[in-house]
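Comments concern the structure below.
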Amino acid sequence: MEIPISYEVLRVLWWGLLGVLLIGFAATDGFDFGVAGLLPFVAKTDAERRVAINTVGPTWEGNQVWFILGGGAIFAAWPMVYAVSFSGLYLAMFVLLAALILRPVGFKYRSKREDPRWRAMWDWALFTGGFVPALLFGVAVGNVLVGLPFRLDENLRAFWDGSFFDLLNPFAILCGLLSVTMMGLHGAAWLSMKAERGPVRDRARRFAPIFAITSIVLFAGGGLVMAFGPYGFAQVGDVDPAGPSNPLRTETVAAAGAWLSNYAAHPWMILAPVLGFGGAFAALAGLRMNSESITFIGSKLSTFGIISTAGLSMFPFILPSSIAPNASLTVWNSSSSHVTLFIMLITTAIFLPIVLAYTSWAFKVMWGRVTTEDVTSGGDYY
Amino acid sequence: MIDMEVADLSRWQFALTAMYHFLFVPLTLGLAFMLAIMESVYVMTGRQVWRDMTKFWGALFGINFALGVSTGITMEFQFGMNWSYYSHYVGDVFGAPLAIEGLMAFFLEATLVGLFFFGWDRMSKHAHLAVTWFMAIGTNLSALWILIANGWMQNPVGSEFNPETMRMEVVDFMAVLFNPVAQAKFVHTVAAGYVTGALFVLAVSAWFLLQRRHRGFAKRSMTVAAAFGLMGSLSVVVLGDESGYALTDNQRMKLAALEAMWETHEAPAPLTLVGFPDVENHTTHFAVDVPWVLGLIATRSLDQEVQGILPLVAVAETRVENGIRAYDALQRLRADESDLEARALFEETKLDLGYALLLQRYMEDPREATPEQIRQAAFDTIPDVPVMFWSFRFMAGIGLYMILLFGTAFVLCTMRKHETRWFLWVALFSLPLPWIAAELGWLLAEYGRQPWIVEGALPTFLGVSSLNATQIWMTIAGFTALYGALAVVEVMLMLHFIRKGPYAGKGGDTAARPVRKPAIANDGMTPIPAE
């Protein structure tokens with residue numbers, strides 16, 4: 001079969017699509033995590049909690065698919081990245097899975113019984129299912145920026161040095177907290193837009209500026225670490241962007257500050273961090289102007305900017321290795337085959353618009369504020 | 001060399017989490033369509049009881065769905081966590097159907113499931129009905145893509161090994177898509193799901209009727225279950241997945257093992273009803289054979305042979321020898337990419353490369369194997385014969401019993417003898433059987449595929465991640481605790497809802513109210529009189 005798009009272009013497109021999926025995930029399921037993590041703080045009584053939960057009730061399940069699809073897409077388009085990262089972050093992945101398993105069950109089971117102890121138990125499960133993944137996603141991205149301690153043998157089998165606790169280095173924790181505040185802001189913005197005018201919305205509106213300002217500070221802090229810290233990698237010599245997907249054919253070195261060199265080479269990339277900051281400021285402005293949609297859109301844009309910044313800074317790296325830089329996985333050496341990338345692109349081009357269409361319709365059908373009266377009327381609410 | 005303890009623990013973990021996941025999947029597959037059918041009747045007739053049925057069974061569906069989704073997340077990520085070399089080695093082929101599943105099917109069912117529960121008052125009847133149907137179609141499409149992925153592990157068509165990237169790559173995606181093994185598995189698996197859903201509804205309805213509660217509701221549910229279950233149970237047996245069993249050496253071996261057929265029998269081969277497989281002496285004691293049947297089922301002909309275990313081992317032995325030549329050529333090729341002779345030799349032998357890798361259980365370099373070790377590796381291709389033999393008999397026995405059960409239910413419903421008490425008891429106590437059959441089916445498919453993770457291409461033990469046993473024990477303990485707790489919660493909640501019944505807090509049984517005359521007398525849905 002003659003493939004009409006070159007391997008190189010397909011690789012870049014799939015790198016972009018991976019970003020689209022991660023951003024799609026953070027921009028939709030991000031507020032679900034935020035709402036679940038904020039649950040004990042913005043909602044005190046049972047009725048309040050049910051209002052908060054039901055703001056995401058009808059849509060969180062669809063949002064979660066962004067994450068699952070993200071996993072599937074990494075597997076299909078970047079199998080080496082999938083293999084190395086998930087096995088290397090083994091125990092962290094387990095904790096993440098455990099938290100993600102609690103969340104759906106929490107949403108669905110919590111209000112199925114009247115017993116207050118039952119409900120309190122699931123409130124904790126929901127809090128864990130919101131806070132822990134938000135933290136771990138950031139910690140994972142932080143560690144990727146630092147470089148992961150893996151090497152590859154000649155058969156491309158991955159080996160790891162380092163333990164679960166090595167993942168908790170200061171920079172990674174900074175990224176983890178940024179992810180928490182980012183999703184926290186998103187959750188607070190969502191609640192202020194979707195919960196009835198009352199205590200839940202009021203508390204959410206009080207939390208939003210705290211998260212927005214902390215996000216701005218942490219994001220700036222991360223930038224400073226990138227500029228002056230020891231992190232960064234660079235490829236040496238000629239790289240064939242259409243070469244076979246075998247990381248051992250390229251040479252890579254650690255280069256402090258290299259994560260910022262893309263911005264010098266391609267100044268348009270500066271848009272990403274600008275959006276990261278600008279979105280958070282817009283969210284603050286929205287709060288002041290009493291426009292909840294501006295706050296929510298600002299928060300979305302901030303998420304978009306922050307995630308894009310991490311991705312663009314590293315391009316073409318996806319998963320650098322801290323102990324064996326030559327094993328680093330990049331856009332040019334760790335993708336699926338030309339055929340697979342092409343088939344997956346066609347499939348995505350057909351189905352992603354369909355997904356977006358019915359997802360938007362679902363949000364539209366469920367639009368409007370959730371009220372105490374709704375959730376206590378004995379209808380179809382969680 | 002691979003630590004076999006890590007390999008064994010990884011297999012246990014996968015088996016536990018996959019079998020647990022599959023406790024929820026078949027019920028989702030079956031109930032989703034039953035909900036769509038019930039709601040269709042509601043929309044067509046306007047009768048409230050059908051809406052109540054959709055909502056009540058829908059609530060139980062939701063409880064089950066939550067765990068199906070949760071435990072499915074584990075599956076999607078476990079390949080990378082525990083089977084990272086496998087993920088690298090076959091991700092180019094295997095990852096695509098998983099990703100397409102998310103894009104085409106899971107997104108659909110997950111988005112619509114929210115609207116199914118929350119959208120009753122927010123859209124027209126017809127729009128909601130469409131939501132329910134598409135949700136059901138989504139769950140079944142999801143099964144299709146997962147089984148395309150699994151089918152490829154059983155019969156790795158459309159792909160070949162690329163020495164430059166040290167992995168299997170797609171050469172013909174259409175072949176992967178239309179893999180006959182995958183097609184057969186899909187039909188068999190979803191039909192098993194329909195049976196599970198139907199029996200669940202049948203058994204719970206039977207329980208209501210035994211207690212003389214919600215009788216109008218329960219009888220209608222029972223009728224739907226009887227019809228749907230009869231259709232499902234006939235499909236699951238008639239469209240069993242034997243049709244894929246003549247395609248590859250491993251599939252042939254699986255078939256021979258589940259029949260405990262040690263030698264090739266002249267066509268058409270007999271089917272062994274029962275017997276006692278003796279692994280040591282390669283024979284089956286006290287076998288009761290039915291002539292011709294196996295040949296008919298497996299080859300759909302009277303003149304093609306079904307190969308026995310020992311002749312297949314002999315085939316494996318030559319493939320191991322050939323595989324060693326492929327391995328040697330591969331090493332030469334990797335040392336010098338321009339070695340044309342090595343490349344030609346590799347092209348000629350590469351289909352057997354996986355067989356040489358079987359030897360890596362015993363040594364680093366397969367080229368050093370002795371004839372005994374080669375023979376040993378060939379014998380390793382026999383799966384666990386007694387387990388296969390008995391699993392198949394129990395699974396098939398349950399399948400046949402299901403036809404009988406649903407056949408009886410269908411006759412009773414047609415005769416309006418819904419409340420035949422002995423039958424209600426039988427239906428109630430049959431409840432666990434479809435789950436047992438489904439798990440045994442997966443045991444046959446996956447345990448029967450051993451020693452391969454991908455038939456002929458990659459032995460299971462090589463697929464693992466570079467983990468240590470402690471790490472895997474930790475996650476096995478974690479999953480067991482978490483899954484165990486969730487199982488208890490789920491069953492409690494189900495029982496709680498069933499005990500409360502469909503009219504909890506809604507002011508009584510609709511069927512106890514006067515039944516409205518159907519708008520059109522001959523709409524095919526004659527009302528069941530309320531007693």
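So you can find residues: chains in the structure tokens are A, B, ... in the order shown, residues in each start at 1, and ligands are numbered from 1 in order.
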
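For chain A, the residues having at least one atom no farther than 6 Å from chain B, when counting only C-alpha atoms, are Pro58, Thr59, Glu61, Gly62, Val65, Leu69, Gly72, Ala73, Phe75, Ala76, Pro79, Met80, Tyr82, Ala83, Phe86, Ser87, Tyr90, Ile101, Pro104, Val105, Arg157, Phe159, Ser245, Asn246, Ser336 and Asp380 of chain A.
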
Practice task
Would you kindly return, as number ranges by chain, each protein, DNA or RNA residue with an atom no farther than 7 Å from any atom of Leu178 in chain A, considering only C-alpha atoms and excluding same-chain residues fewer than 3 positions away?
Solution key: A: 138, 174-175, 181-182, 215, 218-219

Exercise for the section: Considering only C-alpha atoms, return as an MDAnalysis selection string whatever protein or nucleic-acid residues lie within 12 Å of Met402 in chain B, sequence-local ones (same chain, fewer than 5 positions apart) excluded. Expected result: chainID B and resid 191:192 194:196 198:199 202 226 228:237 395:397 407:410 426:427 430:435 437

Practice task
Excluding range 286-288 of chain B and any residue of its chain fewer than 2 positions from it, enumerate the residues within 7 Å of it, using only C-alpha atoms, and give them as an MDAnalysis selection string.
Solution key: chainID B and resid 272:276 284 290

Completion exercise
Between CA of Trp442 in chain B and CA of Ser205 in chain B lies a distance of 28.4 Å

Show me, as a Markdown table, the residues of range 189-247 of chain A having an atom within 8 Å of range 259-274 of chain A, each with the closest atom pair and its distance in Å, using only C-alpha atoms.
| residue | atom | partner | partner_atom | distance |
| --- | --- | --- | --- | --- |
| A:Met226 | CA | A:Trp259 | CA | 6.6 |
| A:Ala227 | CA | A:Leu260 | CA | 6.7 |
| A:Tyr231 | CA | A:Trp259 | CA | 7.3 |
| A:Gly232 | CA | A:Trp259 | CA | 5.0 |
| A:Phe233 | CA | A:Trp259 | CA | 7.1 |

Resulting file, chosen residues, N, CA and C atoms, as a tab-separated table (two decimals), in the first residue's frame:
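Result went into selection.tsv, see below:
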chain	number	residue	atom	x	y	z
A	226	MET	N	13.51	25.10	34.99
A	226	MET	CA	13.92	24.69	33.65
A	226	MET	C	15.09	25.56	33.15
A	227	ALA	N	15.01	26.85	33.46
A	227	ALA	CA	16.04	27.77	32.96
A	227	ALA	C	17.37	27.59	33.70
A	231	TYR	N	18.25	20.36	34.30
A	231	TYR	CA	17.47	19.44	33.48
A	231	TYR	C	17.51	19.77	32.00
A	232	GLY	N	17.38	18.73	31.20
A	232	GLY	CA	17.32	18.91	29.76
A	232	GLY	C	18.18	17.88	29.04
A	233	PHE	N	17.79	17.56	27.81
A	233	PHE	CA	18.53	16.61	26.99
A	233	PHE	C	18.57	17.13	25.57

Handout entry: Which of range 103-198 of chain A fall in alpha helix (DSSP H), as a ChimeraX atom specification
Key = /A:103-109,116-146,170-194

What lies within 12 Å of Phe171 in chain A using only C-alpha atoms, ignoring chain neighbours under 6 positions off, as a CSV table (one decimal) with N, CA and C atoms, in the first residue's frame?
chain,number,residue,atom,x,y,z
A,138,GLY,N,0.8,15.0,37.6
A,138,GLY,CA,1.8,16.0,37.6
A,138,GLY,C,3.2,15.4,38.0
A,139,VAL,N,3.2,14.6,39.0
A,139,VAL,CA,4.5,14.0,39.4
A,139,VAL,C,5.1,13.2,38.3
A,140,ALA,N,4.2,12.5,37.5
A,140,ALA,CA,4.7,11.7,36.4
A,140,ALA,C,5.4,12.7,35.3
A,141,VAL,N,4.6,13.7,35.0
A,141,VAL,CA,5.2,14.7,34.0
A,141,VAL,C,6.5,15.3,34.5
A,142,GLY,N,6.5,15.6,35.8
A,142,GLY,CA,7.7,16.2,36.4
A,142,GLY,C,8.9,15.2,36.2
A,143,ASN,N,8.7,13.9,36.5
A,143,ASN,CA,9.7,13.0,36.3
A,143,ASN,C,10.2,12.8,34.9
A,144,VAL,N,9.2,12.9,34.0
A,144,VAL,CA,9.6,12.8,32.6
A,144,VAL,C,10.5,13.9,32.2
A,145,LEU,N,10.2,15.1,32.7
A,145,LEU,CA,11.1,16.3,32.4
A,145,LEU,C,12.5,16.1,33.0
A,146,VAL,N,12.5,15.5,34.1
A,146,VAL,CA,13.8,15.2,34.8
A,146,VAL,C,14.6,14.1,34.0
A,147,GLY,N,13.8,13.2,33.5
A,147,GLY,CA,14.4,12.0,32.8
A,147,GLY,C,14.2,10.8,33.7
A,177,LEU,N,2.0,19.4,42.4
A,177,LEU,CA,1.1,20.4,43.0
A,177,LEU,C,0.5,21.3,42.0
A,178,LEU,N,1.3,21.6,40.9
A,178,LEU,CA,0.7,22.4,39.8
A,178,LEU,C,-0.5,21.7,39.2
A,218,LEU,N,3.4,28.4,40.8
A,218,LEU,CA,4.1,27.1,40.6
A,218,LEU,C,4.6,27.0,39.1
A,219,PHE,N,3.7,27.5,38.2
A,219,PHE,CA,4.1,27.4,36.8
A,219,PHE,C,5.4,28.2,36.5
A,221,GLY,N,7.5,29.0,38.8
A,221,GLY,CA,8.6,28.3,39.5
A,221,GLY,C,9.2,27.2,38.6
A,222,GLY,N,8.3,26.5,38.0
A,222,GLY,CA,8.8,25.4,37.1
A,222,GLY,C,9.6,25.9,36.0
A,223,GLY,N,9.2,27.1,35.4
A,223,GLY,CA,10.0,27.7,34.3
A,223,GLY,C,11.3,28.1,34.8
A,224,LEU,N,11.4,28.6,36.0
A,224,LEU,CA,12.8,29.0,36.5
A,224,LEU,C,13.7,27.8,36.7
A,225,VAL,N,13.1,26.7,37.2
A,225,VAL,CA,13.9,25.5,37.4
A,225,VAL,C,14.4,25.0,36.0
A,226,MET,N,13.5,25.1,35.0
A,226,MET,CA,13.9,24.7,33.6
A,226,MET,C,15.1,25.6,33.2
A,229,GLY,N,18.0,25.2,36.3
A,229,GLY,CA,18.2,23.8,36.9
A,229,GLY,C,19.1,23.0,36.0
A,230,PRO,N,19.3,21.7,36.4
A,230,PRO,CA,20.2,20.8,35.7
A,230,PRO,C,19.5,20.0,34.6
A,231,TYR,N,18.3,20.4,34.3
A,231,TYR,CA,17.5,19.4,33.5
A,231,TYR,C,17.5,19.8,32.0

Handout entry: Within 9 Å of Gly237 in chain A using only C-alpha atoms, minus same-chain residues under 4 positions, as a count of residues only
Key = 3
